[in-house]
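What follows is one structure encoded as structure tokens, with my remarks underneath.
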Amino acid sequence: MRNYITTIIASNTHATVGTDIVIQDGSGGTTLLTIPASFSSGSVINLPVPLRQPTTATALFCANVTTGASTKVSAVGYKGV
């Protein structure tokens, strides 16, 4: 089974530190998508074609490029073959 991501919701509540958020295939794995997360902002990304995670039975992972930001990420989608 693989993850198919249809929507990603990201926020950064830090007052002065912006960052990029990388969505990865597992912890430290291949970067699938990079999302800019400016300070005190957020975004909703609706993917017109679901993002198919390349590796089976692997968790989706999110990481800040810059330390000190205060980010949260949610992903919406489904599992399939």
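Labeling convention for the structure tokens: chains A, B, ... as they appear, residues from 1 per chain, ligands from 1 in order of appearance.
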
- Just list the residues in chain A DSSP gives strand (DSSP E) on the backbone, as a ChimeraX atom specification. /A:2-12,19-25,31-37,41-52,60-64,71-80

Output C-alpha atoms of each residue in that selection to a file, as an mmCIF file, in the first residue's frame.
data_model
loop_
_atom_site.group_PDB
_atom_site.id
_atom_site.type_symbol
_atom_site.label_atom_id
_atom_site.label_comp_id
_atom_site.auth_asym_id
_atom_site.auth_seq_id
_atom_site.Cartn_x
_atom_site.Cartn_y
_atom_site.Cartn_z
ATOM 1 C CA ARG A 2 1.129 3.551 -0.777
ATOM 2 C CA ASN A 3 0.024 6.977 0.407
ATOM 3 C CA TYR A 4 -1.670 9.249 -2.129
ATOM 4 C CA ILE A 5 -1.730 12.842 -0.886
ATOM 5 C CA THR A 6 -4.465 15.157 -2.186
ATOM 6 C CA THR A 7 -4.137 18.152 0.165
ATOM 7 C CA ILE A 8 -1.396 19.529 2.415
ATOM 8 C CA ILE A 9 -2.090 22.155 5.074
ATOM 9 C CA ALA A 10 0.946 23.971 6.520
ATOM 10 C CA SER A 11 1.316 26.785 9.037
ATOM 11 C CA ASN A 12 4.136 28.681 10.696
ATOM 12 C CA THR A 19 11.266 28.402 6.664
ATOM 13 C CA ASP A 20 10.666 25.921 3.900
ATOM 14 C CA ILE A 21 9.000 22.636 4.805
ATOM 15 C CA VAL A 22 10.148 19.570 2.912
ATOM 16 C CA ILE A 23 7.783 16.635 2.480
ATOM 17 C CA GLN A 24 9.863 13.467 2.347
ATOM 18 C CA ASP A 25 9.445 9.801 1.537
ATOM 19 C CA THR A 31 12.132 15.131 -1.041
ATOM 20 C CA LEU A 32 8.743 14.941 -2.762
ATOM 21 C CA LEU A 33 7.664 18.563 -2.328
ATOM 22 C CA THR A 34 8.965 21.800 -0.788
ATOM 23 C CA ILE A 35 6.473 24.227 0.759
ATOM 24 C CA PRO A 36 7.426 27.808 1.668
ATOM 25 C CA ALA A 37 6.265 28.717 5.194
ATOM 26 C CA SER A 41 1.329 32.505 7.783
ATOM 27 C CA GLY A 42 -0.095 29.300 6.425
ATOM 28 C CA SER A 43 -1.171 27.665 3.222
ATOM 29 C CA VAL A 44 -3.442 24.989 1.843
ATOM 30 C CA ILE A 45 -2.145 23.111 -1.192
ATOM 31 C CA ASN A 46 -4.711 21.146 -3.184
ATOM 32 C CA LEU A 47 -2.942 18.814 -5.574
ATOM 33 C CA PRO A 48 -4.878 18.333 -8.849
ATOM 34 C CA VAL A 49 -3.234 14.927 -9.265
ATOM 35 C CA PRO A 50 -2.573 13.045 -6.016
ATOM 36 C CA LEU A 51 1.065 12.939 -4.930
ATOM 37 C CA ARG A 52 1.921 9.216 -4.979
ATOM 38 C CA LEU A 60 5.321 10.481 5.024
ATOM 39 C CA PHE A 61 7.758 12.833 6.809
ATOM 40 C CA CYS A 62 7.905 16.633 7.125
ATOM 41 C CA ALA A 63 10.979 18.661 8.124
ATOM 42 C CA ASN A 64 11.830 22.340 8.493
ATOM 43 C CA THR A 71 5.346 24.798 11.972
ATOM 44 C CA LYS A 72 2.503 22.333 11.765
ATOM 45 C CA VAL A 73 1.646 20.192 8.746
ATOM 46 C CA SER A 74 -1.371 18.020 7.994
ATOM 47 C CA ALA A 75 -1.819 15.801 4.974
ATOM 48 C CA VAL A 76 -5.089 14.509 3.537
ATOM 49 C CA GLY A 77 -5.324 11.613 1.145
ATOM 50 C CA TYR A 78 -5.832 7.895 0.889
ATOM 51 C CA LYS A 79 -3.977 4.572 0.704
ATOM 52 C CA GLY A 80 -3.890 2.483 -2.439
#
